[in-house]
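J.: Data: query-v6.cif, mmCIF, C-alpha atoms.
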data_protein
loop_
_atom_site.label_atom_id
_atom_site.label_comp_id
_atom_site.auth_asym_id
_atom_site.auth_seq_id
_atom_site.Cartn_x
_atom_site.Cartn_y
_atom_site.Cartn_z
CA MET A 1 106.70 103.39 115.79
CA HIS A 2 103.76 101.41 114.42
CA GLU A 3 104.28 98.90 117.25
CA MET A 4 102.31 101.31 119.46
CA SER A 5 99.32 100.85 117.17
CA LEU A 6 99.88 97.10 117.17
CA ALA A 7 100.04 97.06 120.98
CA LEU A 8 96.77 98.98 121.08
CA GLY A 9 95.34 96.36 118.73
CA ILE A 10 96.40 93.63 121.15
CA LEU A 11 94.90 95.50 124.10
CA GLU A 12 91.63 95.93 122.21
CA LEU A 13 91.40 92.17 121.61
CA LEU A 14 92.27 91.45 125.24
CA GLU A 15 89.71 93.90 126.61
CA ASP A 16 87.01 92.48 124.33
CA ALA A 17 87.78 88.92 125.36
CA ALA A 18 88.21 89.82 129.05
CA GLY A 19 84.81 91.55 128.99
CA ARG A 20 83.17 88.49 127.44
CA GLU A 21 84.80 86.20 129.99
CA LYS A 22 84.09 88.56 132.91
CA ALA A 23 87.78 88.51 133.78
CA THR A 24 89.12 90.78 136.50
CA ARG A 25 92.69 90.52 135.30
CA VAL A 26 94.66 89.31 132.32
CA LYS A 27 97.74 87.57 133.70
CA ALA A 28 99.48 86.36 130.56
CA VAL A 29 99.22 86.75 126.80
CA TRP A 30 100.56 84.52 124.02
CA LEU A 31 101.36 86.05 120.67
CA GLU A 32 102.44 84.47 117.41
CA LEU A 33 104.79 86.73 115.49
CA GLY A 34 106.09 85.65 112.12
CA ALA A 35 109.72 86.23 111.25
CA LEU A 36 108.53 88.00 108.08
CA SER A 37 105.94 90.17 109.83
CA ALA A 38 106.35 93.91 110.29
CA VAL A 39 107.08 93.82 114.01
CA GLU A 40 110.02 93.67 116.41
CA PRO A 41 109.47 91.65 119.63
CA ASP A 42 111.41 94.20 121.71
CA ALA A 43 109.37 97.10 120.42
CA ILE A 44 106.05 95.34 120.91
CA ALA A 45 107.04 94.45 124.50
CA PHE A 46 107.93 98.08 125.22
CA CYS A 47 104.65 99.31 123.79
CA PHE A 48 102.59 96.57 125.43
CA ASP A 49 103.87 97.63 128.84
CA ALA A 50 103.02 101.24 128.06
CA VAL A 51 99.50 100.75 126.70
CA THR A 52 98.34 98.23 129.31
CA ARG A 53 99.02 100.47 132.30
CA GLY A 54 95.78 101.12 134.15
CA THR A 55 93.94 98.42 132.15
CA VAL A 56 92.78 94.89 132.88
CA ALA A 57 96.03 93.64 131.31
CA GLU A 58 98.44 95.70 133.41
CA GLY A 59 101.46 93.63 134.36
CA ALA A 60 100.48 90.71 132.11
CA ARG A 61 103.34 88.46 131.05
CA LEU A 62 103.89 88.58 127.33
CA MET A 63 105.00 85.39 125.63
CA ILE A 64 105.90 85.34 122.02
CA GLU A 65 106.12 82.37 119.75
CA ALA A 66 108.35 83.15 116.78
CA ILE A 67 106.95 81.56 113.64
CA PRO A 68 109.73 80.87 111.14
CA GLY A 69 109.45 82.35 107.66
CA ARG A 70 108.61 79.99 104.82
CA GLY A 71 108.78 80.79 101.15
CA TRP A 72 107.54 79.09 98.02
CA CYS A 73 110.12 79.10 95.25
CA LEU A 74 108.44 79.60 91.89
CA GLN A 75 111.44 78.06 90.14
CA CYS A 76 111.82 74.92 92.28
CA MET A 77 108.07 74.74 92.96
CA ALA A 78 108.97 73.83 96.53
CA SER A 79 108.55 75.22 100.03
CA THR A 80 111.63 76.27 101.96
CA GLN A 81 112.58 78.16 105.11
CA ILE A 82 113.64 81.81 104.69
CA ALA A 83 114.91 84.14 107.39
CA ARG A 84 114.10 87.45 105.70
CA ARG A 85 112.25 88.89 102.76
CA GLY A 86 114.60 89.22 99.81
CA ASP A 87 116.63 86.13 100.71
CA PRO A 88 117.30 83.69 97.88
CA CYS A 89 115.99 80.15 97.63
CA PRO A 90 118.53 77.92 99.40
CA ARG A 91 118.05 75.24 96.71
CA CYS A 92 118.44 77.17 93.45
CA GLY A 93 119.79 80.54 94.60
CA GLY A 94 116.99 82.35 92.74
CA TYR A 95 114.80 85.14 94.04
CA GLN A 96 111.44 83.98 92.74
CA MET A 97 110.19 83.56 96.30
CA GLN A 98 106.67 84.07 97.56
CA VAL A 99 105.97 84.23 101.27
CA ALA A 100 104.06 81.11 102.34
CA ASP A 101 104.18 81.47 106.14
CA GLY A 102 105.70 83.69 108.80
CA ALA A 103 103.95 86.98 108.03
CA GLN A 104 101.36 86.59 110.79
CA MET A 105 100.87 88.78 113.87
CA ARG A 106 98.28 87.04 116.04
CA VAL A 107 97.00 87.01 119.59
CA ARG A 108 96.65 83.32 120.32
CA GLU A 109 95.59 83.01 123.91
CA MET A 110 95.37 84.70 127.29
CA GLU A 111 95.35 83.61 130.91
CA ILE A 112 92.77 85.35 133.06
CA GLU A 113 91.62 85.68 136.62
CA SER A 114 87.88 85.95 137.08
CA MET B 115 124.68 82.86 127.31
CA CYS B 116 122.79 86.09 127.12
CA ILE B 117 125.04 88.93 126.06
CA SER B 118 123.00 91.26 128.21
CA CYS B 119 122.54 89.50 131.54
CA GLY B 120 124.36 86.20 131.31
CA CYS B 121 121.41 84.33 132.74
CA MET B 122 121.68 81.51 130.20
CA ALA B 123 124.62 80.22 132.19
CA ASN B 124 122.23 77.94 134.04
CA GLU B 125 120.33 76.75 131.02
CA PRO B 126 120.62 73.64 128.91
CA GLU B 127 122.73 74.13 125.80
CA SER B 128 119.73 73.64 123.55
CA GLU B 129 118.06 76.69 125.02
CA ALA B 130 121.06 78.94 124.99
CA ARG B 131 120.90 79.62 121.27
CA ALA B 132 118.70 82.65 121.13
CA HIS B 133 118.17 84.96 123.98
CA VAL B 134 117.11 88.37 122.84
CA PRO B 135 117.51 91.00 125.53
CA ALA B 136 114.81 93.62 125.40
CA ALA B 137 117.31 96.44 125.32
CA SER B 138 114.67 99.03 124.58
CA VAL B 139 112.50 98.09 127.54
CA PRO B 140 113.16 100.68 130.20
CA ALA B 141 112.19 98.29 132.96
CA ALA B 142 115.38 96.54 131.77
CA ASP B 143 114.46 93.64 133.97
CA ARG B 144 112.17 92.18 131.33
CA HIS B 145 113.87 90.01 128.81
CA TRP B 146 113.22 87.36 126.21
CA HIS B 147 114.01 83.70 125.96
CA GLN B 148 113.58 81.45 123.01
CA HIS B 149 113.11 77.85 124.00
CA ALA B 150 114.28 74.77 122.18
CA ASP B 151 110.84 74.36 120.60
CA GLY B 152 111.02 77.81 119.03
CA SER B 153 108.66 79.57 121.44
CA TRP B 154 109.61 82.82 123.15
CA HIS B 155 108.72 84.29 126.45
CA SER B 156 109.62 87.36 128.40
CA HIS B 157 109.77 87.77 132.14
CA GLU B 158 110.98 90.22 134.69
CA HIS B 159 113.27 89.85 137.66
CA ALA B 160 115.57 91.97 139.74
CA ARG B 161 118.53 93.20 137.77
CA LEU B 162 121.09 91.31 139.86
CA ASP B 163 119.02 88.20 140.38
CA HIS B 164 119.96 86.08 137.44
CA GLY B 165 120.19 82.75 139.06
CA HIS B 166 116.98 81.31 137.66
CA SER B 167 116.99 78.22 135.52
CA HIS B 168 114.81 77.16 132.66
CA ASP B 169 114.35 73.52 133.37
CA GLN B 170 110.93 71.99 132.98
CA ASP B 171 109.76 73.00 136.46
CA ALA B 172 110.73 76.60 136.05
CA HIS B 173 109.12 76.58 132.67
CA GLY B 174 105.90 75.22 134.11
CA GLU B 175 105.93 78.17 136.47
CA CYS B 176 105.32 80.43 133.47
CA GLY B 177 101.94 78.73 133.06
CA HIS B 178 103.27 78.27 129.61
CA ASP B 179 102.26 75.59 127.21
CA ALA B 180 104.65 76.16 124.37
CA GLY B 181 103.03 73.99 121.74
CA ARG B 182 101.13 75.52 118.83
CA GLY B 183 97.48 74.88 118.37
CA THR B 184 97.02 73.09 121.66
CA GLY B 185 93.40 72.42 122.46
CA SER B 186 90.43 73.71 120.58
CA GLY B 187 88.17 74.81 123.41
CA ALA B 188 87.67 78.43 124.32
CA ALA B 189 88.96 78.15 127.85
CA ALA B 190 90.93 75.78 130.06
CA GLN B 191 90.95 75.80 133.82
CA GLY B 192 94.37 76.22 135.44
CA PRO B 193 95.54 76.05 139.02
CA GLY B 194 94.06 78.60 141.44
CA GLY B 195 91.01 79.35 139.30
CA ASP B 196 92.97 81.00 136.49
CA ARG B 197 91.70 80.21 133.04
CA ARG B 198 93.27 80.10 129.62
CA VAL B 199 91.13 81.58 126.86
CA ARG B 200 91.76 81.13 123.15
CA ILE B 201 91.62 84.32 121.11
CA GLU B 202 93.20 83.39 117.76
CA ARG B 203 92.81 86.74 116.08
CA ASP B 204 95.11 88.97 114.05
CA ILE B 205 96.56 91.85 116.02
CA LEU B 206 95.23 94.15 113.31
CA ALA B 207 91.74 92.57 113.32
CA HIS B 208 90.04 95.85 114.30
CA ASN B 209 91.86 97.86 111.62
CA ASP B 210 91.19 95.19 109.02
CA ALA B 211 87.47 95.14 109.81
CA ILE B 212 87.26 98.89 109.16
CA ALA B 213 89.40 98.50 106.03
CA GLY B 214 86.85 95.93 104.86
CA ARG B 215 84.06 98.50 105.36
CA ASN B 216 86.05 101.08 103.38
CA ARG B 217 86.61 98.54 100.61
CA ARG B 218 82.91 97.71 100.37
CA LEU B 219 82.01 101.42 100.29
CA LEU B 220 84.47 102.01 97.47
CA GLU B 221 83.24 98.93 95.60
CA ARG B 222 79.66 100.17 95.75
CA GLY B 223 80.75 103.31 93.92
CA SER B 224 83.13 101.45 91.57
CA CYS B 225 85.89 103.71 92.89
CA LEU B 226 89.52 102.69 92.54
CA ALA B 227 91.60 103.55 95.62
CA LEU B 228 95.40 103.72 95.53
CA ASN B 229 97.51 104.08 98.68
CA LEU B 230 100.68 106.04 97.84
CA VAL B 231 103.57 105.24 100.15
CA SER B 232 107.19 106.40 100.19
CA SER B 233 109.82 108.00 102.34
CA PRO B 234 109.40 111.75 102.94
CA GLY B 235 110.39 113.82 99.93
CA ALA B 236 110.05 111.14 97.26
CA GLY B 237 107.61 113.39 95.41
CA LYS B 238 104.19 111.92 96.18
CA THR B 239 102.37 115.26 96.25
CA SER B 240 104.02 116.56 93.06
CA LEU B 241 103.19 113.27 91.40
CA LEU B 242 99.56 113.56 92.50
CA CYS B 243 99.27 117.18 91.28
CA ARG B 244 100.52 116.29 87.80
CA THR B 245 98.39 113.12 87.72
CA ILE B 246 95.24 115.10 88.54
CA ARG B 247 96.04 117.69 85.86
CA CYS B 248 96.62 114.93 83.28
CA ILE B 249 93.34 113.21 84.13
CA GLY B 250 91.49 116.52 83.82
CA ASP B 251 87.77 115.96 83.36
CA SER B 252 88.08 112.33 82.25
CA PHE B 253 86.85 111.05 85.60
CA PRO B 254 86.61 112.41 89.17
CA VAL B 255 89.64 112.31 91.45
CA VAL B 256 89.53 112.86 95.23
CA VAL B 257 92.56 112.89 97.51
CA ILE B 258 93.11 111.96 101.14
CA GLU B 259 96.30 113.51 102.48
CA GLY B 260 98.17 112.18 105.50
CA ASP B 261 100.85 114.16 107.32
CA GLN B 262 101.86 114.60 110.91
CA GLN B 263 101.18 118.33 110.74
CA THR B 264 99.95 121.13 108.44
CA SER B 265 97.49 121.18 105.56
CA LEU B 266 100.14 122.21 103.04
CA ASP B 267 99.71 119.11 100.89
CA ALA B 268 95.91 119.31 100.79
CA ASP B 269 96.24 122.98 99.83
CA ARG B 270 98.48 122.00 96.91
CA ILE B 271 95.98 119.36 95.78
CA ARG B 272 93.01 121.72 96.05
CA ALA B 273 94.88 124.20 93.86
CA THR B 274 94.55 121.63 91.05
CA GLY B 275 90.76 121.69 91.48
CA ALA B 276 90.42 118.25 93.07
CA PRO B 277 88.69 117.83 96.45
CA ALA B 278 91.17 116.92 99.20
CA TRP B 279 90.85 116.00 102.87
CA GLN B 280 93.86 116.47 105.13
CA ILE B 281 94.44 114.04 107.98
CA ASN B 282 96.95 115.17 110.59
CA THR B 283 98.22 112.15 112.47
CA GLY B 284 99.95 114.23 115.17
CA LYS B 285 102.63 111.93 116.52
CA GLY B 286 101.33 109.03 114.42
CA CYS B 287 103.58 107.54 111.76
CA HIS B 288 100.98 106.07 109.40
CA LEU B 289 97.35 106.28 108.33
CA ASP B 290 94.98 103.65 109.64
CA ALA B 291 91.66 102.43 108.29
CA ALA B 292 89.57 104.44 110.79
CA MET B 293 91.19 107.71 109.69
CA VAL B 294 90.45 106.89 106.06
CA GLU B 295 86.85 105.91 106.92
CA ARG B 296 86.30 109.36 108.45
CA ALA B 297 87.95 111.05 105.45
CA LEU B 298 85.78 109.09 103.00
CA ALA B 299 82.68 110.19 104.91
CA GLN B 300 83.78 113.81 104.48
CA LEU B 301 84.80 113.55 100.82
CA ASP B 302 81.89 111.32 99.73
CA PRO B 303 83.62 110.33 96.47
CA PRO B 304 81.34 110.25 93.41
CA GLY B 305 80.83 107.02 91.47
CA GLN B 306 83.75 105.85 89.29
CA ALA B 307 86.11 108.22 91.15
CA LEU B 308 89.80 107.61 91.59
CA VAL B 309 90.55 107.90 95.33
CA MET B 310 94.20 108.71 95.95
CA ILE B 311 95.44 108.26 99.51
CA GLU B 312 98.79 109.92 100.16
CA ASN B 313 100.15 108.17 103.22
CA VAL B 314 102.52 109.68 105.78
CA GLY B 315 106.06 109.81 104.37
CA ASN B 316 107.54 106.71 105.99
CA LEU B 317 108.96 103.63 104.32
CA VAL B 318 108.30 101.33 107.28
CA CYS B 319 105.08 101.71 109.26
CA PRO B 320 102.37 102.17 106.58
CA ALA B 321 103.25 98.77 105.09
CA ALA B 322 101.31 96.89 107.77
CA PHE B 323 98.06 98.84 107.61
CA ASP B 324 95.29 97.96 105.18
CA LEU B 325 93.21 101.07 104.51
CA GLY B 326 90.73 99.40 102.16
CA GLU B 327 92.70 100.38 99.07
CA ASP B 328 92.89 98.35 95.88
CA ALA B 329 96.67 98.61 95.73
CA LYS B 330 99.63 100.20 97.42
CA VAL B 331 101.88 102.17 95.07
CA VAL B 332 105.38 102.73 96.41
CA VAL B 333 107.21 105.80 95.13
CA LEU B 334 111.01 105.56 95.11
CA SER B 335 112.94 108.60 93.91
CA VAL B 336 116.34 108.26 92.28
CA THR B 337 117.90 110.55 94.89
CA GLU B 338 117.20 107.94 97.59
CA GLY B 339 119.35 105.15 96.16
CA ASP B 340 118.55 101.94 94.32
CA ASP B 341 119.05 99.70 97.38
CA LYS B 342 115.91 100.88 99.22
CA PRO B 343 113.83 97.80 98.28
CA LEU B 344 116.27 95.55 100.12
CA LYS B 345 116.67 97.90 103.08
CA TYR B 346 112.91 98.36 103.54
CA PRO B 347 111.50 95.13 102.11
CA ASP B 348 108.11 95.14 103.85
CA MET B 349 106.91 98.16 101.91
CA PHE B 350 108.05 96.87 98.53
CA ALA B 351 106.56 93.47 99.34
CA ALA B 352 103.20 95.13 100.07
CA ALA B 353 103.08 97.25 96.90
CA ARG B 354 101.66 96.27 93.53
CA LEU B 355 103.51 99.03 91.64
CA MET B 356 106.82 100.81 92.16
CA LEU B 357 107.02 104.28 90.62
CA VAL B 358 110.64 105.36 90.19
CA ASN B 359 110.27 109.12 90.44
CA LYS B 360 112.60 112.04 89.61
CA ILE B 361 113.95 110.02 86.69
CA ASP B 362 114.98 113.35 85.11
CA LEU B 363 117.66 113.56 87.85
CA GLN B 364 119.10 110.14 87.09
CA PRO B 365 122.13 111.48 85.14
CA HIS B 366 123.16 113.31 88.32
CA CYS B 367 122.69 110.38 90.70
CA ASP B 368 124.32 106.99 91.18
CA PHE B 369 120.98 105.28 90.73
CA ASP B 370 120.64 102.21 88.57
CA PRO B 371 116.96 101.62 87.69
CA ALA B 372 117.70 98.02 86.64
CA ARG B 373 119.24 97.31 90.05
CA ALA B 374 116.30 98.95 91.85
CA LEU B 375 113.92 96.70 89.89
CA GLU B 376 116.02 93.61 90.55
CA TYR B 377 116.02 94.35 94.29
CA ALA B 378 112.28 95.11 94.33
CA ARG B 379 111.56 91.78 92.58
CA ARG B 380 113.67 89.93 95.12
CA VAL B 381 111.16 90.89 97.78
CA ASN B 382 108.13 90.94 95.46
CA PRO B 383 108.50 88.96 92.22
CA GLY B 384 105.18 90.27 90.89
CA ILE B 385 105.70 94.02 91.39
CA ASP B 386 105.16 96.31 88.37
CA VAL B 387 107.52 99.22 87.77
CA ILE B 388 107.22 102.50 85.88
CA SER B 389 109.83 105.27 85.76
CA VAL B 390 108.37 108.78 85.90
CA SER B 391 109.23 112.38 86.47
CA ALA B 392 106.54 114.38 88.25
CA ARG B 393 108.53 117.47 87.22
CA ASP B 394 108.67 117.05 83.43
CA GLY B 395 105.98 114.37 82.86
CA THR B 396 108.30 111.60 81.66
CA GLY B 397 106.60 108.21 81.95
CA PHE B 398 103.15 109.63 82.71
CA ASP B 399 101.58 107.91 79.70
CA ALA B 400 102.54 104.56 81.19
CA TRP B 401 101.44 105.59 84.72
CA LEU B 402 98.06 106.85 83.49
CA ALA B 403 97.62 103.69 81.40
CA TRP B 404 98.33 101.60 84.53
CA ILE B 405 95.67 103.53 86.48
CA ASP B 406 93.24 103.12 83.60
CA ALA B 407 93.84 99.37 83.44
CA GLN B 408 93.21 99.09 87.20
CA ARG B 409 90.00 101.11 86.94
CA ARG B 410 88.69 99.05 84.01
CA ALA B 411 89.54 95.80 85.73
CA LYS B 412 87.75 96.90 88.89
CA GLN B 413 84.69 98.19 87.06
CA ALA B 414 84.49 94.96 85.07
CA ARG B 415 84.57 93.06 88.37
CA GLU B 416 82.21 95.31 90.30
CA ALA B 417 79.68 96.41 87.71
CA PRO B 418 77.73 93.13 87.45
CA GLU B 419 77.16 93.10 91.18
CA VAL B 420 76.21 96.78 91.40
CA ILE B 421 73.83 96.53 88.46
CA GLY B 422 72.53 93.24 89.81
CA HIS B 423 71.69 94.78 93.19
CA GLU B 424 69.90 97.69 91.57
CA ALA B 425 67.93 95.57 89.16
CA GLY B 426 67.55 92.54 91.38
CA GLN B 427 69.55 90.52 88.84
CA ILE B 428 72.66 89.53 90.72
CA GLY B 429 75.33 88.04 88.52
CA ARG B 430 74.18 89.41 85.14
CA ARG B 431 77.04 91.09 83.32
CA PRO B 432 76.04 94.44 81.81
CA VAL B 433 76.90 95.13 78.20
CA GLU B 434 79.02 98.21 78.94
CA ALA B 435 81.23 96.33 81.43
CA ALA B 436 81.66 93.40 79.06
CA ALA B 437 82.73 95.84 76.35
CA LEU B 438 85.70 96.93 78.48
CA GLY B 439 87.29 93.56 77.94
CA PRO B 440 87.67 90.40 79.94
CA SER B 441 88.10 90.57 83.67
CA PRO B 442 91.63 89.73 84.83
CA ASP B 443 90.06 87.20 87.15
#
Please rewrite the model in this file as structure tokens.
T.:
Amino acid sequence: MHEMSLALGILELLEDAAGREKATRVKAVWLELGALSAVEPDAIAFCFDAVTRGTVAEGARLMIEAIPGRGWCLQCMASTQIARRGDPCPRCGGYQMQVADGAQMRVREMEIES
Amino acid sequence: MCISCGCMANEPESEARAHVPAASVPAADRHWHQHADGSWHSHEHARLDHGHSHDQDAHGECGHDAGRGTGSGAAAQGPGGDRRVRIERDILAHNDAIAGRNRRLLERGSCLALNLVSSPGAGKTSLLCRTIRCIGDSFPVVVIEGDQQTSLDADRIRATGAPAWQINTGKGCHLDAAMVERALAQLDPPGQALVMIENVGNLVCPAAFDLGEDAKVVVLSVTEGDDKPLKYPDMFAAARLMLVNKIDLQPHCDFDPARALEYARRVNPGIDVISVSARDGTGFDAWLAWIDAQRRAKQAREAPEVIGHEAGQIGRRPVEAAALGPSPD
């Protein structure tokens, strides 16, 4: 359940930023989660609820932007969308794919009350 | 329409394509929507109150600007004195900062650090014990052991004569950079040491966590099946080397090493592979040669800087490092 550690990572970033901004409450949080990242939106939501209880971010709405996976095919020398790691290139059917985008797990923004 | 709550009934067709119910959320009243522009949001409402719509007005109610990269300022004033503040940081930023400290510490000592990952029972500890015995006095080896409970693994390592530090993660499913930082402070590895980090047996969670290592080495034993790289792709994508262990048992298992390699290269075209047996030593020449190549490459990279700092001559390449051969960079 590494999502608990990831949720704690989010909380840490929120608490740091809320402290800097002198916020009394974090009302909403926007995440970017890549389709090829090591995280499940359901699991992160469950853990986020758990770790934010009693903190400045308790009850914050969590909004997740899903970033599609993109691969670079070493055979076609072209960028293409991929849903999962290990999927073939839709052009040539080969597996010489390197991940070009969609592996990120980022906290983009928050809405605060101060 | 949502298969869980049916609330998409009121929504435009374009938004009805992906509604992921948060089945594991006990509140059960929180759920996810993906909008036509690809963004997601979750919200909560009473279990029986599913009459909301997701037209533009309702969407605006979320305070939700779905575009990516909107605005560059740090904060934007919203209605009622609420403010939006840009953060733009990786979720693992804190872990990665500590991993960076670990990496710099190891670089200063020209130590190579390998993070061994696998499912439980793949043979990481046996592999380490034989590796340490094979290395003998050639260069120092120190081991950081991660398990939920017990110091059994560290005890086995210490029996080989190598220093070992046991981390018990309790309920935790992986090592993180802070745990390894504390272990490195305890072990204080000597210069040129090989630092072996045996992660918690788990083919999922440790993939995401940088510990400051030079490379992850994934151990796959033939008793686990050759389809593991496709079933658990994140770990094989994160590793530089796959060790296929227990190769002595291959005649008794339906394990095809060629298929395992093909699957591993589907998720990671650049991964190296070596078949070994920690039990009878098969393949250890190749494994030890791989370690040696990594150490030489790192020392060739690091030595000029280390020597340069000491002598105030940053950038000068010392003779002994040059003699090891060209840097892979």
J.: Kindly give the distance, in Å, that separates CA of Gln300 in chain B and CA of Lys238 in chain B, rounded to a single decimal.
T.: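 Atom-to-atom, CA of Gln300 in chain B to CA of Lys238 in chain B, that is 22.1 Å.
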J.: Using the chain letters and numbers from the file, which residues does the PyMOL selection byres ((chain A) within 6 of (chain B)) grab, as number ranges by chain?
T.: A: 2, 9-10, 42, 46, 62-66, 85-86, 95-96, 105-113
J.: Please provide the set of residues having any atom within 12 Å of Gly235 in chain B, restricted to all atoms listed in the file, with same-chain residues fewer than 2 positions apart removed, written as a list in words.
T.: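 The residues satisfying every condition are Val231, Ser232, Ser233, Gly237, Lys238, Thr239, Ser240, Leu241, Asp267, Val314, Gly315, Asn316, Leu317, Val333, Leu334, Ser335, Val336, Thr337, Glu338, Asn359 and Lys360 of chain B.
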J.: Please determine, counting only C-alpha atoms, which residue among A:Glu12, A:Glu32, A:Glu21, A:Asp87 has the shortest atom-to-atom distance to Val51 in chain A.
T.: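 Of all the options, A:Glu12 lies closest to Val51 in chain A.
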J.: Quick one: pull the distance between CA of Ile385 in chain B and CA of Asp399 in chain B, Å, one decimal.
T.: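 Distance between the two atoms: 18.6 Å.
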J.: Because the input lacks atoms here, generate N, CA and C atoms for range 85-98 of chain A and report them as a short mmCIF file (atom, residue, chain, number, x, y, z; two decimals), keeping the file's coordinate frame.
T.:
data_model
loop_
_atom_site.label_atom_id
_atom_site.label_comp_id
_atom_site.auth_asym_id
_atom_site.auth_seq_id
_atom_site.Cartn_x
_atom_site.Cartn_y
_atom_site.Cartn_z
N ARG A 85 112.71 88.59 104.11
CA ARG A 85 112.25 88.89 102.76
C ARG A 85 113.47 89.28 101.93
N GLY A 86 113.49 88.86 100.68
CA GLY A 86 114.60 89.22 99.81
C GLY A 86 115.72 88.20 99.83
N ASP A 87 115.60 87.18 100.71
CA ASP A 87 116.63 86.13 100.71
C ASP A 87 116.38 85.17 99.54
N PRO A 88 117.46 84.61 99.00
CA PRO A 88 117.30 83.69 97.88
C PRO A 88 116.82 82.31 98.33
N CYS A 89 116.35 81.54 97.37
CA CYS A 89 115.99 80.15 97.63
C CYS A 89 117.27 79.37 97.94
N PRO A 90 117.31 78.65 99.07
CA PRO A 90 118.53 77.92 99.40
C PRO A 90 118.82 76.77 98.44
N ARG A 91 117.82 76.33 97.66
CA ARG A 91 118.05 75.24 96.71
C ARG A 91 118.67 75.76 95.42
N CYS A 92 118.01 76.78 94.80
CA CYS A 92 118.44 77.17 93.45
C CYS A 92 119.15 78.52 93.44
N GLY A 93 119.12 79.24 94.56
CA GLY A 93 119.79 80.54 94.60
C GLY A 93 118.99 81.65 93.94
N GLY A 94 117.80 81.33 93.42
CA GLY A 94 116.99 82.35 92.74
C GLY A 94 116.17 83.17 93.73
N TYR A 95 115.56 84.22 93.20
CA TYR A 95 114.80 85.14 94.04
C TYR A 95 113.31 85.13 93.73
N GLN A 96 112.87 84.05 93.07
CA GLN A 96 111.44 83.98 92.74
C GLN A 96 110.69 83.39 93.92
N MET A 97 110.75 84.10 95.06
CA MET A 97 110.19 83.56 96.30
C MET A 97 108.91 84.29 96.68
N GLN A 98 107.89 83.49 97.00
CA GLN A 98 106.67 84.07 97.56
C GLN A 98 106.56 83.63 99.01
#
